[in-house]
Amino acid sequence: VRDPRYDILFEPVKIGPVTARNRFFQVPHCNGMGYRDPSGEAYMRRVKAEGGWAVVCTEQVEIHPTSDIGPFIELRLWDDQDLPALTRISEKIHEGGSLAGIELAHNGLNSPNLISRETPLGPQNLPVVSWNYDPVQAREMTKSDIADLRHWHKEAVRRSLKAEYDIVYVYAGHAIGGLHHFLSRRYNNRTDEYGGSLTNRVRLLREILEDSREVADGKAAVACRISVDELLGDEGITRSEIEDVIGLLGETPDLWDFVLGSWEDDSVTSRFGPEAEQEPYVRGLKQLTTKPVVGVGRFTSPDTMLHQVKSGILDFIGAARPSIADPYLPRKIEEGNLEDIRECIGCNICVSGDFTMSPIRCTQNPTMGEEFRRGWHPERIKVRSSESNVLVVGAGPAGLEAARALGQRGYTVSLAEAGRQLGGRVTRESKLPGLSAWIRVVDYRQQQLRTLSNVDVFMESEMTADDVIDNDFHHVVVATGSSWRRDGVGRWHTHAVPVDDHADVLTPDDVMAGLRPAGNKVVLFDDDHYYLGAVVAELLAKEGFDVTLITPAAHVSQWTTNTMEVVRIRKRIIKAGVHVQVNRAVTAITPEGVRTVCAFTGDEQFFDADGVVLVTARLPHDGLFHDLQSRESEWAAADLRSVRGIGDAWAPSTIAAAVWSGHRYAEELDEPPAPGPVAFRREVTGLSIEPVSTLTIPPFANA
Ligand code: FMN
């Protein structure tokens, strides 16, 4: 039963001609599925609607081939051919009882048009601002281009109505939506009536909002998503300019959706920004309009949400990442099950789906992106199909999730952990600078295990193959994690690096266990390229060590370009006083320091160091798995039917991958294997009708 304090969050709110059943609003977010996997997207959105988000939006939808931001996989509404995909998504959102929102986007300067090969369009002649430094320039839009853009947007609104959307967005945010570029002095130096004064820079936004309302004609609401501060001072959009924009246009849309700065600023990770970080930027804007406003801020705490509404900051609690981690978040608040909320940890692995053009994943919610493909659901799971009992060895992220999901299926589960704490690497890593929110991966699962009487947890219970065979387990799953290598093997070195016996070499596991280099001068060799190298460097620097981070990559923590953290990481470690050497590899370690080579020329350079930390690769703890495999002849007598490995013990990867593999194990136990090599349902591209001209091949002119 809902705590009456939260009643206000469940009040219906009118958005122009439509009414949201409560104040929970899943703001637009991409998902790496888009036009390639529209059914995957449709089912993902439906689960959110079921979970109680009154409004469920698409991601940005390209309204025209000149707005092609490929290779990113978003939705398209280029012409009527895209209607079936868009309609399937709105249908699924409606099935779940929510309003469907569509974020129409002309990405202007942000679209390199790699797929359509159209010329990019912008307020002025400028290189496109795509993430990949595409060697492409946008052309300054003429009046006739502007008229075309208005026409395309109207057509997109018309198509959105056909596809039965209830809320149609005009996107002027994140320096992605092209209207943002017109609004911002950073990108707009026009001298005509679309440039110069704020009234001029806002003209196109006003025209498109008015056009959209005219076409929507009371059948759908019109929303405006806008960045409230570009965080560039007078070089870009300022908060005071946005106050003036709302003064000029406040009543034109039916809803305002406020975001902060660029996408990197808006979807900031927990390592770099707290929940509700945007509050100071958004506070006071609602008072400038009678229209409802939605805002974001990685909201996972019902009390923080309450504060946003009660203190008149927001009308709607907007969420992208919290709705990914827990599609049922509103329903859990409504039903009084706060302890069941699967809180977003703010790691942005969800964002990496977009950057790697693969279906969205989530560390906390392994079913994300699997709703259609594998039929997984964040709250429901099929009942066990046998009376088997299962031993899960290791209570890290994979083991915890396997035990939880197996328990939810009704299996009798024993979870054996060798150490004194649950959580494995997550518990250890969450003590490092900036990673404390990651402990939520453990907290959620620990809480769920407490409610499952069929799951027993045994601490300080290291298991040997004898222990397994001598006890009555039908299935054993080994989730014993991994440890960082001490020999330098990784991407750069596929064989051990020469290390002098007297050299002081540590791994991240040593550092997390409290060991420190004996002397002050430390070299950290990062050949892992995700977060840990920089986090350990930051920790040591803050403790007073003189740290040099050496990496063969072009950036520190190169892979975090995919979580949009790379710039903040670099800034943080510069501020922490860490020296950085990129494009350089450590080739030998002596008691005096490290020999290194330039990644390009091979030129050598020696760096003095008292100690070295190697962050290169990990070795799976797969001893128990192999011991059991080698004794397969004894299994039948012990009634042992299967032995499997999951998570890092199987192959080290991300925490998200470990949780996912634990979940997969639980979903698939005792189930018939997939009929073919592909374990999931695919959306296969329908072939177009061949053009007649290709059926008969005419002779070439020069034949
Ligand atoms: N914002 C958009 O306006 N359009 C998008 O297509 C979009 N894609 C996103 C994809 C992901 C995976 C995430 C995490 C965010 C995306 N955003 C997009 C930004 C979110 O809508 C939101 O403003 C931001 O993440 C902050 O909200 P949160 O803290 O609730 O995640």
# chains A, B, ... in the order shown; residues from 1 in each chain; ligands from 1
>>> residues_around(residues="A:Val477", least_positions_apart="2", cutoff="8 Å", atoms="only C-alpha atoms", output="list in words")
Val390, Leu391, Val392, Val393, His475, Ala479, Val643, Arg644, Gly645 and Ile646 of chain A
>>> write_last_selection(atoms="all heavy atoms", output="compact mmCIF listing (two decimals), in the first residue's frame")
# COMPACT_ATOMS: atom_id res chain seq x y z
N VAL A 390 20.16 -26.20 -6.62
CA VAL A 390 21.30 -25.60 -7.33
C VAL A 390 22.28 -25.02 -6.32
O VAL A 390 21.87 -24.35 -5.36
CB VAL A 390 20.82 -24.46 -8.27
CG1 VAL A 390 21.96 -23.99 -9.16
CG2 VAL A 390 19.63 -24.88 -9.11
N LEU A 391 23.56 -25.27 -6.57
CA LEU A 391 24.61 -24.62 -5.79
C LEU A 391 25.23 -23.51 -6.64
O LEU A 391 25.70 -23.77 -7.75
CB LEU A 391 25.70 -25.64 -5.42
CG LEU A 391 26.98 -25.03 -4.82
CD1 LEU A 391 26.71 -24.43 -3.43
CD2 LEU A 391 28.09 -26.09 -4.72
N VAL A 392 25.20 -22.31 -6.10
CA VAL A 392 25.89 -21.19 -6.76
C VAL A 392 27.14 -20.92 -5.95
O VAL A 392 27.06 -20.64 -4.75
CB VAL A 392 25.00 -19.93 -6.80
CG1 VAL A 392 25.72 -18.78 -7.49
CG2 VAL A 392 23.66 -20.22 -7.49
N VAL A 393 28.29 -21.01 -6.58
CA VAL A 393 29.54 -20.80 -5.85
C VAL A 393 30.08 -19.41 -6.18
O VAL A 393 30.44 -19.14 -7.33
CB VAL A 393 30.60 -21.86 -6.21
CG1 VAL A 393 31.83 -21.71 -5.31
CG2 VAL A 393 30.02 -23.26 -6.09
N HIS A 475 22.65 -29.18 -9.76
CA HIS A 475 23.33 -28.28 -10.69
C HIS A 475 24.30 -27.40 -9.91
O HIS A 475 23.96 -26.96 -8.81
CB HIS A 475 22.32 -27.39 -11.42
CG HIS A 475 21.30 -28.16 -12.21
ND1 HIS A 475 21.58 -28.71 -13.43
CD2 HIS A 475 20.02 -28.50 -11.91
CE1 HIS A 475 20.50 -29.34 -13.88
NE2 HIS A 475 19.54 -29.23 -12.97
N ALA A 479 30.78 -19.13 -9.99
CA ALA A 479 30.81 -17.68 -10.21
C ALA A 479 31.86 -17.08 -9.29
O ALA A 479 31.57 -16.23 -8.46
CB ALA A 479 29.42 -17.09 -9.92
N VAL A 643 27.38 -28.68 -14.62
CA VAL A 643 28.34 -27.75 -14.01
C VAL A 643 28.59 -26.65 -15.04
O VAL A 643 28.93 -26.93 -16.19
CB VAL A 643 29.67 -28.46 -13.66
CG1 VAL A 643 30.70 -27.44 -13.16
CG2 VAL A 643 29.45 -29.56 -12.64
N ARG A 644 28.37 -25.42 -14.62
CA ARG A 644 28.56 -24.32 -15.57
C ARG A 644 29.39 -23.21 -14.93
O ARG A 644 29.49 -23.12 -13.70
CB ARG A 644 27.19 -23.73 -15.98
CG ARG A 644 26.35 -24.66 -16.87
CD ARG A 644 26.65 -24.42 -18.34
NE ARG A 644 26.58 -22.99 -18.63
CZ ARG A 644 25.47 -22.32 -18.90
NH1 ARG A 644 24.32 -22.96 -18.93
NH2 ARG A 644 25.51 -21.03 -19.15
N GLY A 645 29.96 -22.37 -15.77
CA GLY A 645 30.68 -21.20 -15.27
C GLY A 645 29.96 -19.94 -15.76
O GLY A 645 29.41 -19.94 -16.87
N ILE A 646 29.96 -18.91 -14.93
CA ILE A 646 29.33 -17.65 -15.34
C ILE A 646 30.19 -16.47 -14.89
O ILE A 646 31.08 -16.62 -14.05
CB ILE A 646 27.90 -17.48 -14.75
CG1 ILE A 646 27.91 -17.61 -13.21
CG2 ILE A 646 26.91 -18.45 -15.37
CD1 ILE A 646 26.59 -17.23 -12.55
>>> select_by_dssp(residues="stretch 304-474 of chain A", states="strand (DSSP E)", output="list in words")
Phe316, Ile317, Gly318, Ala319, Asn389, Val390, Leu391, Val392, Val393, Thr412, Val413, Ser414, Leu415, Ala416, Val455, Asp456, Val457 and Phe458 of chain A
>>> select_by_dssp(residues="stretch 327-412 of chain A", states="helix (DSSP H, G or I)", output="list of chain:residue names")
A:Leu329, A:Pro330, A:Arg331, A:Lys332, A:Ile333, A:Glu334, A:Leu338, A:Glu339, A:Asp340, A:Ile349, A:Cys350, A:Val351, A:Ser352, A:Gly353, A:Asp354, A:Phe355, A:Pro397, A:Ala398, A:Gly399, A:Leu400, A:Glu401, A:Ala402, A:Ala403, A:Arg404, A:Ala405, A:Leu406, A:Gly407, A:Gln408, A:Arg409
>>> write_last_selection(atoms="N, CA, C and O atoms", output="mmCIF file, in the first residue's frame")
data_model
loop_
_atom_site.group_PDB
_atom_site.id
_atom_site.type_symbol
_atom_site.label_atom_id
_atom_site.label_comp_id
_atom_site.auth_asym_id
_atom_site.auth_seq_id
_atom_site.Cartn_x
_atom_site.Cartn_y
_atom_site.Cartn_z
ATOM 1 N N LEU A 329 9.674 1.247 -11.424
ATOM 2 C CA LEU A 329 9.905 2.165 -10.290
ATOM 3 C C LEU A 329 8.605 2.848 -9.822
ATOM 4 O O LEU A 329 8.296 2.807 -8.619
ATOM 5 N N PRO A 330 7.804 3.443 -10.728
ATOM 6 C CA PRO A 330 6.577 4.094 -10.235
ATOM 7 C C PRO A 330 5.641 3.113 -9.533
ATOM 8 O O PRO A 330 5.103 3.400 -8.469
ATOM 9 N N ARG A 331 5.491 1.957 -10.126
ATOM 10 C CA ARG A 331 4.578 0.982 -9.549
ATOM 11 C C ARG A 331 5.050 0.543 -8.155
ATOM 12 O O ARG A 331 4.246 0.304 -7.257
ATOM 13 N N LYS A 332 6.354 0.445 -7.983
ATOM 14 C CA LYS A 332 6.871 0.026 -6.672
ATOM 15 C C LYS A 332 6.579 1.088 -5.617
ATOM 16 O O LYS A 332 6.299 0.768 -4.465
ATOM 17 N N ILE A 333 6.653 2.364 -6.027
ATOM 18 C CA ILE A 333 6.310 3.423 -5.066
ATOM 19 C C ILE A 333 4.809 3.359 -4.795
ATOM 20 O O ILE A 333 4.359 3.428 -3.646
ATOM 21 N N GLU A 334 4.054 3.158 -5.846
ATOM 22 C CA GLU A 334 2.594 3.125 -5.700
ATOM 23 C C GLU A 334 2.167 1.972 -4.796
ATOM 24 O O GLU A 334 1.246 2.098 -3.991
ATOM 25 N N LEU A 338 9.079 0.036 -1.653
ATOM 26 C CA LEU A 338 10.266 0.865 -1.907
ATOM 27 C C LEU A 338 11.553 0.050 -1.852
ATOM 28 O O LEU A 338 12.507 0.326 -2.578
ATOM 29 N N GLU A 339 11.565 -0.954 -0.990
ATOM 30 C CA GLU A 339 12.812 -1.728 -0.833
ATOM 31 C C GLU A 339 13.089 -2.580 -2.070
ATOM 32 O O GLU A 339 14.186 -3.108 -2.226
ATOM 33 N N ASP A 340 12.093 -2.715 -2.949
ATOM 34 C CA ASP A 340 12.302 -3.505 -4.165
ATOM 35 C C ASP A 340 12.820 -2.664 -5.333
ATOM 36 O O ASP A 340 13.051 -3.189 -6.424
ATOM 37 N N ILE A 349 26.488 2.461 -18.564
ATOM 38 C CA ILE A 349 26.669 1.363 -19.513
ATOM 39 C C ILE A 349 25.495 1.375 -20.508
ATOM 40 O O ILE A 349 25.624 0.924 -21.642
ATOM 41 N N CYS A 350 24.370 1.950 -20.100
ATOM 42 C CA CYS A 350 23.211 2.071 -21.009
ATOM 43 C C CYS A 350 23.576 2.933 -22.210
ATOM 44 O O CYS A 350 23.204 2.632 -23.347
ATOM 45 N N VAL A 351 24.315 4.002 -21.939
ATOM 46 C CA VAL A 351 24.702 4.915 -23.020
ATOM 47 C C VAL A 351 25.639 4.204 -24.001
ATOM 48 O O VAL A 351 25.623 4.466 -25.201
ATOM 49 N N SER A 352 26.428 3.275 -23.479
ATOM 50 C CA SER A 352 27.391 2.599 -24.360
ATOM 51 C C SER A 352 26.682 1.791 -25.436
ATOM 52 O O SER A 352 27.255 1.540 -26.493
ATOM 53 N N GLY A 353 25.436 1.390 -25.184
ATOM 54 C CA GLY A 353 24.671 0.691 -26.226
ATOM 55 C C GLY A 353 24.565 1.568 -27.459
ATOM 56 O O GLY A 353 24.737 1.115 -28.596
ATOM 57 N N ASP A 354 24.298 2.848 -27.199
ATOM 58 C CA ASP A 354 24.163 3.774 -28.313
ATOM 59 C C ASP A 354 25.490 3.916 -29.063
ATOM 60 O O ASP A 354 25.543 3.822 -30.284
ATOM 61 N N PHE A 355 26.556 4.126 -28.290
ATOM 62 C CA PHE A 355 27.854 4.379 -28.921
ATOM 63 C C PHE A 355 28.444 3.138 -29.584
ATOM 64 O O PHE A 355 29.299 3.255 -30.451
ATOM 65 N N PRO A 397 28.718 -10.255 -8.486
ATOM 66 C CA PRO A 397 27.531 -9.825 -9.239
ATOM 67 C C PRO A 397 26.859 -10.960 -10.011
ATOM 68 O O PRO A 397 25.629 -11.021 -10.063
ATOM 69 N N ALA A 398 27.641 -11.873 -10.597
ATOM 70 C CA ALA A 398 27.029 -12.970 -11.364
ATOM 71 C C ALA A 398 26.332 -13.950 -10.434
ATOM 72 O O ALA A 398 25.178 -14.340 -10.666
ATOM 73 N N GLY A 399 27.023 -14.349 -9.365
ATOM 74 C CA GLY A 399 26.452 -15.329 -8.437
ATOM 75 C C GLY A 399 25.225 -14.784 -7.728
ATOM 76 O O GLY A 399 24.224 -15.488 -7.549
ATOM 77 N N LEU A 400 25.291 -13.524 -7.317
ATOM 78 C CA LEU A 400 24.137 -12.932 -6.632
ATOM 79 C C LEU A 400 22.919 -12.914 -7.541
ATOM 80 O O LEU A 400 21.804 -13.236 -7.120
ATOM 81 N N GLU A 401 23.135 -12.503 -8.797
ATOM 82 C CA GLU A 401 21.981 -12.424 -9.707
ATOM 83 C C GLU A 401 21.460 -13.826 -10.033
ATOM 84 O O GLU A 401 20.245 -14.032 -10.103
ATOM 85 N N ALA A 402 22.381 -14.774 -10.224
ATOM 86 C CA ALA A 402 21.926 -16.142 -10.510
ATOM 87 C C ALA A 402 21.094 -16.660 -9.341
ATOM 88 O O ALA A 402 20.007 -17.212 -9.532
ATOM 89 N N ALA A 403 21.595 -16.468 -8.114
ATOM 90 C CA ALA A 403 20.870 -16.971 -6.940
ATOM 91 C C ALA A 403 19.513 -16.280 -6.805
ATOM 92 O O ALA A 403 18.498 -16.916 -6.521
ATOM 93 N N ARG A 404 19.509 -14.969 -7.023
ATOM 94 C CA ARG A 404 18.245 -14.233 -6.907
ATOM 95 C C ARG A 404 17.222 -14.729 -7.923
ATOM 96 O O ARG A 404 16.079 -15.031 -7.589
ATOM 97 N N ALA A 405 17.647 -14.818 -9.199
ATOM 98 C CA ALA A 405 16.686 -15.174 -10.249
ATOM 99 C C ALA A 405 16.283 -16.647 -10.150
ATOM 100 O O ALA A 405 15.133 -16.997 -10.395
ATOM 101 N N LEU A 406 17.219 -17.516 -9.758
ATOM 102 C CA LEU A 406 16.855 -18.926 -9.548
ATOM 103 C C LEU A 406 15.874 -19.032 -8.389
ATOM 104 O O LEU A 406 14.901 -19.789 -8.438
ATOM 105 N N GLY A 407 16.131 -18.257 -7.352
ATOM 106 C CA GLY A 407 15.226 -18.242 -6.197
ATOM 107 C C GLY A 407 13.845 -17.761 -6.609
ATOM 108 O O GLY A 407 12.826 -18.322 -6.200
ATOM 109 N N GLN A 408 13.823 -16.749 -7.449
ATOM 110 C CA GLN A 408 12.537 -16.223 -7.914
ATOM 111 C C GLN A 408 11.797 -17.286 -8.740
ATOM 112 O O GLN A 408 10.574 -17.375 -8.688
ATOM 113 N N ARG A 409 12.537 -18.115 -9.443
ATOM 114 C CA ARG A 409 11.899 -19.192 -10.212
ATOM 115 C C ARG A 409 11.387 -20.310 -9.309
ATOM 116 O O ARG A 409 10.621 -21.159 -9.757
#
>>> closest_residue(among="A:Cys347, A:Val136, A:Leu86, A:Val478", to="ligand 1", atoms="only C-alpha atoms and all ligand atoms")
A:Cys347
>>> residues_around(residues="A:Met44", least_positions_apart="5", cutoff="9 Å", atoms="only C-alpha atoms", output="ChimeraX atom specification")
/A:39,92,327,368-372
>>> write_last_selection(atoms="N, CA, C and O atoms", output="CSV table (one decimal), in the first residue's frame")
chain,number,residue,atom,x,y,z
A,39,SER,N,10.9,-3.9,-32.9
A,39,SER,CA,10.1,-4.7,-32.0
A,39,SER,C,10.8,-4.8,-30.7
A,39,SER,O,10.1,-4.7,-29.6
A,92,LYS,N,2.4,-0.6,-28.3
A,92,LYS,CA,2.9,-1.3,-27.1
A,92,LYS,C,2.9,-0.4,-25.9
A,92,LYS,O,2.6,-0.8,-24.8
A,327,PRO,N,12.3,-0.4,-14.7
A,327,PRO,CA,11.1,0.0,-15.4
A,327,PRO,C,9.8,0.0,-14.5
A,327,PRO,O,8.8,0.7,-14.9
A,368,MET,N,17.1,-5.6,-19.6
A,368,MET,CA,17.0,-4.4,-20.5
A,368,MET,C,17.5,-4.8,-21.9
A,368,MET,O,18.6,-5.3,-22.0
A,369,GLY,N,16.7,-4.5,-22.9
A,369,GLY,CA,17.0,-4.9,-24.3
A,369,GLY,C,16.7,-6.3,-24.6
A,369,GLY,O,17.0,-6.8,-25.8
A,370,GLU,N,16.3,-7.1,-23.7
A,370,GLU,CA,16.0,-8.5,-23.9
A,370,GLU,C,14.5,-8.9,-23.8
A,370,GLU,O,14.1,-10.0,-23.9
A,371,GLU,N,13.7,-7.8,-23.7
A,371,GLU,CA,12.2,-8.1,-23.5
A,371,GLU,C,11.6,-8.8,-24.7
A,371,GLU,O,10.8,-9.7,-24.5
A,372,PHE,N,12.0,-8.4,-25.9
A,372,PHE,CA,11.4,-9.0,-27.1
A,372,PHE,C,12.3,-10.2,-27.5
A,372,PHE,O,11.8,-11.3,-27.8
>>> closest_residue(among="A:Ile15, A:Leu306, A:Ala674, A:Met512", to="A:Lys219", atoms="only C-alpha atoms")
A:Ile15
>>> residues_around(residues="A:Ala599", least_positions_apart="3", cutoff="10 Å", atoms="only C-alpha atoms", output="ChimeraX atom specification")
/A:492,551-554,582-586,596,602-604
>>> residues_around(residues="stretch 29-38 of chain A", least_positions_apart="4", cutoff="8 Å", atoms="only C-alpha atoms", output="JSON, numbers by chain")
{"A": [42, 57, 58, 59, 60, 72, 73, 74, 75, 76, 85, 86, 88, 89, 320, 350, 351, 353, 354, 355, 356, 357, 358, 359, 360, 369, 682, 683, 685]}
>>> closest_residue(among="A:Asp470, A:Glu41, A:Glu251, A:Glu103", to="A:Leu77", atoms="only C-alpha atoms")
A:Glu103
>>> closest_residue(among="A:Gln447, A:Ser482, A:Asn337, A:Lys575", to="A:Arg2", atoms="only C-alpha atoms")
A:Asn337
>>> atom_distance(atom1="atom CA of A:Val505", atom2="atom CA of A:Leu539")
16.8 Å
>>> closest_residue(among="A:Gly312, A:Pro698, A:Gly488, A:Gly177", to="ligand 1", atoms="only C-alpha atoms and all ligand atoms")
A:Gly177
>>> closest_residue(among="A:Leu624, A:Ala701, A:Ala576, A:Val27", to="ligand 1", atoms="only C-alpha atoms and all ligand atoms")
A:Val27
>>> residues_around(residues="stretch 96-99 of chain A", least_positions_apart="5", cutoff="10 Å", atoms="only C-alpha atoms", output="list in words")
Val18, Thr19, Ala20, Arg21, Asn22, Phe25, Tyr43, Arg45, Arg46, Val47, Lys48, Ala49, Glu50, Gly51, Gly52, Trp53, Ala54, Val55, Val56, Cys57, Ser90, Glu91, Glu164, Tyr165, Asp166 and Ile167 of chain A
>>> decode(residues="stretch 384-408 of chain A", atoms="N, CA and C atoms", output="compact mmCIF listing (two decimals), in the first residue's frame")
# COMPACT_ATOMS: atom_id res chain seq x y z
N ARG A 384 10.11 -22.55 -12.09
CA ARG A 384 11.08 -23.65 -12.30
C ARG A 384 10.39 -24.81 -13.01
N SER A 385 11.16 -25.54 -13.78
CA SER A 385 10.54 -26.67 -14.46
C SER A 385 11.03 -28.00 -13.91
N SER A 386 11.67 -27.99 -12.74
CA SER A 386 12.02 -29.26 -12.09
C SER A 386 12.20 -28.98 -10.59
N GLU A 387 12.38 -30.06 -9.85
CA GLU A 387 12.58 -29.94 -8.39
C GLU A 387 14.06 -29.81 -8.04
N SER A 388 14.88 -29.56 -9.04
CA SER A 388 16.33 -29.58 -8.82
C SER A 388 16.75 -28.56 -7.76
N ASN A 389 17.86 -28.87 -7.11
CA ASN A 389 18.47 -27.83 -6.27
C ASN A 389 19.81 -27.43 -6.89
N VAL A 390 20.16 -26.20 -6.62
CA VAL A 390 21.30 -25.60 -7.33
C VAL A 390 22.28 -25.02 -6.32
N LEU A 391 23.56 -25.27 -6.57
CA LEU A 391 24.61 -24.62 -5.79
C LEU A 391 25.23 -23.51 -6.64
N VAL A 392 25.20 -22.31 -6.10
CA VAL A 392 25.89 -21.19 -6.76
C VAL A 392 27.14 -20.92 -5.95
N VAL A 393 28.29 -21.01 -6.58
CA VAL A 393 29.54 -20.80 -5.85
C VAL A 393 30.08 -19.41 -6.18
N GLY A 394 30.08 -18.54 -5.20
CA GLY A 394 30.59 -17.18 -5.39
C GLY A 394 29.45 -16.18 -5.41
N ALA A 395 29.56 -15.17 -4.53
CA ALA A 395 28.47 -14.19 -4.40
C ALA A 395 28.89 -12.82 -4.89
N GLY A 396 29.56 -12.80 -6.05
CA GLY A 396 29.81 -11.53 -6.74
C GLY A 396 28.57 -11.18 -7.55
N PRO A 397 28.72 -10.25 -8.49
CA PRO A 397 27.53 -9.83 -9.24
C PRO A 397 26.86 -10.96 -10.01
N ALA A 398 27.64 -11.87 -10.60
CA ALA A 398 27.03 -12.97 -11.36
C ALA A 398 26.33 -13.95 -10.43
N GLY A 399 27.02 -14.35 -9.36
CA GLY A 399 26.45 -15.33 -8.44
C GLY A 399 25.23 -14.78 -7.73
N LEU A 400 25.29 -13.52 -7.32
CA LEU A 400 24.14 -12.93 -6.63
C LEU A 400 22.92 -12.91 -7.54
N GLU A 401 23.13 -12.50 -8.80
CA GLU A 401 21.98 -12.42 -9.71
C GLU A 401 21.46 -13.83 -10.03
N ALA A 402 22.38 -14.77 -10.22
CA ALA A 402 21.93 -16.14 -10.51
C ALA A 402 21.09 -16.66 -9.34
N ALA A 403 21.60 -16.47 -8.11
CA ALA A 403 20.87 -16.97 -6.94
C ALA A 403 19.51 -16.28 -6.80
N ARG A 404 19.51 -14.97 -7.02
CA ARG A 404 18.24 -14.23 -6.91
C ARG A 404 17.22 -14.73 -7.92
N ALA A 405 17.65 -14.82 -9.20
CA ALA A 405 16.69 -15.17 -10.25
C ALA A 405 16.28 -16.65 -10.15
N LEU A 406 17.22 -17.52 -9.76
CA LEU A 406 16.86 -18.93 -9.55
C LEU A 406 15.87 -19.03 -8.39
N GLY A 407 16.13 -18.26 -7.35
CA GLY A 407 15.23 -18.24 -6.20
C GLY A 407 13.85 -17.76 -6.61
N GLN A 408 13.82 -16.75 -7.45
CA GLN A 408 12.54 -16.22 -7.91
C GLN A 408 11.80 -17.29 -8.74
